[in-house]
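Just below is one structure, and these are the notes that go with it.
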There are 2 protein chains.
Amino acid sequence: MTEHERPARTRRRGEELLTAIRAAVLAEVAETGLGRLTMEGIAKRAGTAKTSLYRRWSSPQEVLLDAIHAEHPQETVSPGSDDLRGDLIRALRQLVDWMRSPSAEAAGSIVAERVRHPELARALYERVFEPRGGRFTLTVLRHYAEQGRIDPRLITPVVADIGEALVFKYAMDTHQVPDDAKLAEIVDQAVLPAVGIGPDRPESAAKP
Amino acid sequence: MTEHERPARTRRRGEELLTAIRAAVLAEVAETGLGRLTMEGIAKRAGTAKTSLYRRWSSPQEVLLDAIHAEHPQETVSPGSDDLRGDLIRALRQLVDWMRSPSAEAAGSIVAERVRHPELARALYERVFEPRGGRFTLTVLRHYAEQGRIDPRLITPVVADIGEALVFKYAMDTHQVPDDAKLAEIVDQAVLPAVGIGPDRPESAAKP
């Protein structure tokens, strides 16, 4: 490894240092748990000084939120996109990819320990999840509502939550993240019907 | 309180003792956690002897599974029932009522700590959840499929999971259990559409 590839620790600046600190806080919280997260522990793991953390954040919880925020995927749809089903599956795949990350593990700990850390849990929803789209699939659903493919009145909080809810439930029950085939089932059998598309019903199916 | 109402501890037999032991193991696991659950702790809390536990169970985990099993609600539909929507809401209300119980808290710990207790987690699903109907709403959906109101091919694992998934997701996000109005939304906006009923679409809604 040359010096160009890896500058001396003391000289790291800007983005590079920030990336190291974010990785450090996520590794630190995974090891020590939320209750024992300290500026000292983060600084040591990142190979920097506590003072450089305090320059930017007021508490270890703020460092953690920053790291989770920075790594949180933003669901997007290209403006001309015309593939509702494919875009929904892609949105849920973003969620699944995120679920495999240290950032998701840290977010999961915050939610699991919300009784002990209510402010932190609130900040996670208000400052990370909501600004990043609120729910996976919601950005896609809104895009197709604007295109007239979905009645916007059908995009309720419950409906916007179907994809995430089924992905989390599957992970809870099986301790695995859903693969693409399972994501397609979730989209075809649950999300699309809720916005008035499908399920494909054979003629024999009785009406209510 | 007369002696008739509350027999001396040493004389408790059968159902009464069993009930005390089940309450004891649930209280014990809530306090000590799964890792520190012992026959001794359960016996002490139930005011009985360890030997009387070993007569029936081989380990504290077996006592715990028995307690969770005994308190797990069984979803039922009266044979002549003809209220799909109402029965679905009732099924989810059973789930919500259960979620408030010490039994659900214990089951939640097992799922959360499945990495440390994989055998216990497997037993929870195989010996409690599956025999008790598998998923809330599934018994109801099957009932109406038999009546010809729902195409049985639409009752997939994903669809059977929609209600539970949304209830758990709501509880995770809000740290509250859904009330009846929210359960009705879940049924109307997510479960029923997935079995080909609704959502109510205004004429203006575009088709795919």
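If you're wondering about the labels, chains in the structure tokens are A, B, ... by order shown, residues count from 1 in each chain, ligands from 1 in order shown.
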Residues of chain B within 7 Å of chain A, counting only C-alpha atoms - could you list those as a list in words?
Gly148, Arg149, Ile150, Asp151, Val158, Val159, Ile162, Ala165, Leu166, Lys169, Ile186, Gln189, Ala190, Pro193, Ala194, Gly196, Ile197, Pro199, Ala205, Ala206, Lys207 and Pro208 of chain B
Can you write out the residues you just picked, keeping N, CA and C atoms, as a PDB file, in the first residue's frame?
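Full text of result-v3.pdb as output:
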ATOM      1  N   GLY B 148     -66.515 -20.229  -0.649  1.00  0.00           N
ATOM      2  CA  GLY B 148     -66.540 -19.732  -2.019  1.00  0.00           C
ATOM      3  C   GLY B 148     -66.474 -18.221  -2.137  1.00  0.00           C
ATOM      4  N   ARG B 149     -66.228 -17.544  -1.042  1.00  0.00           N
ATOM      5  CA  ARG B 149     -66.152 -16.074  -1.093  1.00  0.00           C
ATOM      6  C   ARG B 149     -64.780 -15.582  -1.525  1.00  0.00           C
ATOM      7  N   ILE B 150     -63.766 -16.404  -1.301  1.00  0.00           N
ATOM      8  CA  ILE B 150     -62.399 -16.044  -1.654  1.00  0.00           C
ATOM      9  C   ILE B 150     -61.819 -17.185  -2.491  1.00  0.00           C
ATOM     10  N   ASP B 151     -61.102 -16.825  -3.547  1.00  0.00           N
ATOM     11  CA  ASP B 151     -60.387 -17.845  -4.313  1.00  0.00           C
ATOM     12  C   ASP B 151     -59.252 -18.390  -3.434  1.00  0.00           C
ATOM     13  N   VAL B 158     -47.649 -14.966   1.709  1.00  0.00           N
ATOM     14  CA  VAL B 158     -47.550 -13.500   1.789  1.00  0.00           C
ATOM     15  C   VAL B 158     -48.885 -12.888   2.218  1.00  0.00           C
ATOM     16  N   VAL B 159     -49.949 -13.324   1.582  1.00  0.00           N
ATOM     17  CA  VAL B 159     -51.271 -12.739   1.868  1.00  0.00           C
ATOM     18  C   VAL B 159     -51.710 -13.070   3.302  1.00  0.00           C
ATOM     19  N   ILE B 162     -50.175 -10.525   5.774  1.00  0.00           N
ATOM     20  CA  ILE B 162     -50.360  -9.073   5.661  1.00  0.00           C
ATOM     21  C   ILE B 162     -50.859  -8.456   6.970  1.00  0.00           C
ATOM     22  N   ALA B 165     -48.199  -8.636   9.733  1.00  0.00           N
ATOM     23  CA  ALA B 165     -47.056  -7.784   9.385  1.00  0.00           C
ATOM     24  C   ALA B 165     -47.369  -6.320   9.673  1.00  0.00           C
ATOM     25  N   LEU B 166     -48.575  -5.878   9.300  1.00  0.00           N
ATOM     26  CA  LEU B 166     -48.922  -4.469   9.499  1.00  0.00           C
ATOM     27  C   LEU B 166     -49.166  -4.144  10.972  1.00  0.00           C
ATOM     28  N   LYS B 169     -45.652  -3.957  12.434  1.00  0.00           N
ATOM     29  CA  LYS B 169     -44.963  -2.757  11.947  1.00  0.00           C
ATOM     30  C   LYS B 169     -45.487  -1.509  12.666  1.00  0.00           C
ATOM     31  N   ILE B 186     -56.362  -1.628   8.263  1.00  0.00           N
ATOM     32  CA  ILE B 186     -55.489  -2.701   7.782  1.00  0.00           C
ATOM     33  C   ILE B 186     -56.288  -3.728   6.981  1.00  0.00           C
ATOM     34  N   GLN B 189     -57.823  -1.834   3.686  1.00  0.00           N
ATOM     35  CA  GLN B 189     -56.882  -1.266   2.713  1.00  0.00           C
ATOM     36  C   GLN B 189     -55.799  -2.258   2.281  1.00  0.00           C
ATOM     37  N   ALA B 190     -55.628  -3.335   3.047  1.00  0.00           N
ATOM     38  CA  ALA B 190     -54.528  -4.245   2.701  1.00  0.00           C
ATOM     39  C   ALA B 190     -54.963  -5.705   2.598  1.00  0.00           C
ATOM     40  N   PRO B 193     -58.151  -6.251  -0.173  1.00  0.00           N
ATOM     41  CA  PRO B 193     -57.721  -6.113  -1.576  1.00  0.00           C
ATOM     42  C   PRO B 193     -56.863  -7.292  -2.051  1.00  0.00           C
ATOM     43  N   ALA B 194     -56.060  -7.838  -1.150  1.00  0.00           N
ATOM     44  CA  ALA B 194     -55.172  -8.939  -1.547  1.00  0.00           C
ATOM     45  C   ALA B 194     -55.938 -10.217  -1.861  1.00  0.00           C
ATOM     46  N   GLY B 196     -58.803  -9.999  -3.394  1.00  0.00           N
ATOM     47  CA  GLY B 196     -59.652  -9.642  -4.525  1.00  0.00           C
ATOM     48  C   GLY B 196     -60.891  -8.847  -4.169  1.00  0.00           C
ATOM     49  N   ILE B 197     -60.920  -8.298  -2.945  1.00  0.00           N
ATOM     50  CA  ILE B 197     -62.092  -7.524  -2.530  1.00  0.00           C
ATOM     51  C   ILE B 197     -61.663  -6.078  -2.264  1.00  0.00           C
ATOM     52  N   PRO B 199     -59.608  -2.479  -3.359  1.00  0.00           N
ATOM     53  CA  PRO B 199     -60.139  -1.334  -2.624  1.00  0.00           C
ATOM     54  C   PRO B 199     -61.250  -0.644  -3.416  1.00  0.00           C
ATOM     55  N   ALA B 205     -60.103   6.417 -11.194  1.00  0.00           N
ATOM     56  CA  ALA B 205     -58.829   5.731 -11.035  1.00  0.00           C
ATOM     57  C   ALA B 205     -58.438   5.025 -12.325  1.00  0.00           C
ATOM     58  N   ALA B 206     -57.215   5.231 -12.721  1.00  0.00           N
ATOM     59  CA  ALA B 206     -56.740   4.635 -13.969  1.00  0.00           C
ATOM     60  C   ALA B 206     -56.458   3.156 -13.781  1.00  0.00           C
ATOM     61  N   LYS B 207     -56.578   2.422 -14.848  1.00  0.00           N
ATOM     62  CA  LYS B 207     -56.232   0.995 -14.819  1.00  0.00           C
ATOM     63  C   LYS B 207     -54.757   0.842 -15.193  1.00  0.00           C
ATOM     64  N   PRO B 208     -54.164  -0.256 -14.795  1.00  0.00           N
ATOM     65  CA  PRO B 208     -52.736  -0.446 -15.100  1.00  0.00           C
ATOM     66  C   PRO B 208     -52.470  -0.449 -16.594  1.00  0.00           C
TER      67      PRO B 208
END
Considering only C-alpha atoms, return as a VMD selection string whatever protein or nucleic-acid residues lie within 12 Å of Glu130 of chain A, sequence-local ones (same chain, fewer than 2 positions apart) excluded.
(chain A and resid 69 72 to 75 122 to 128 132 to 136 138 to 139) or (chain B and resid 173)
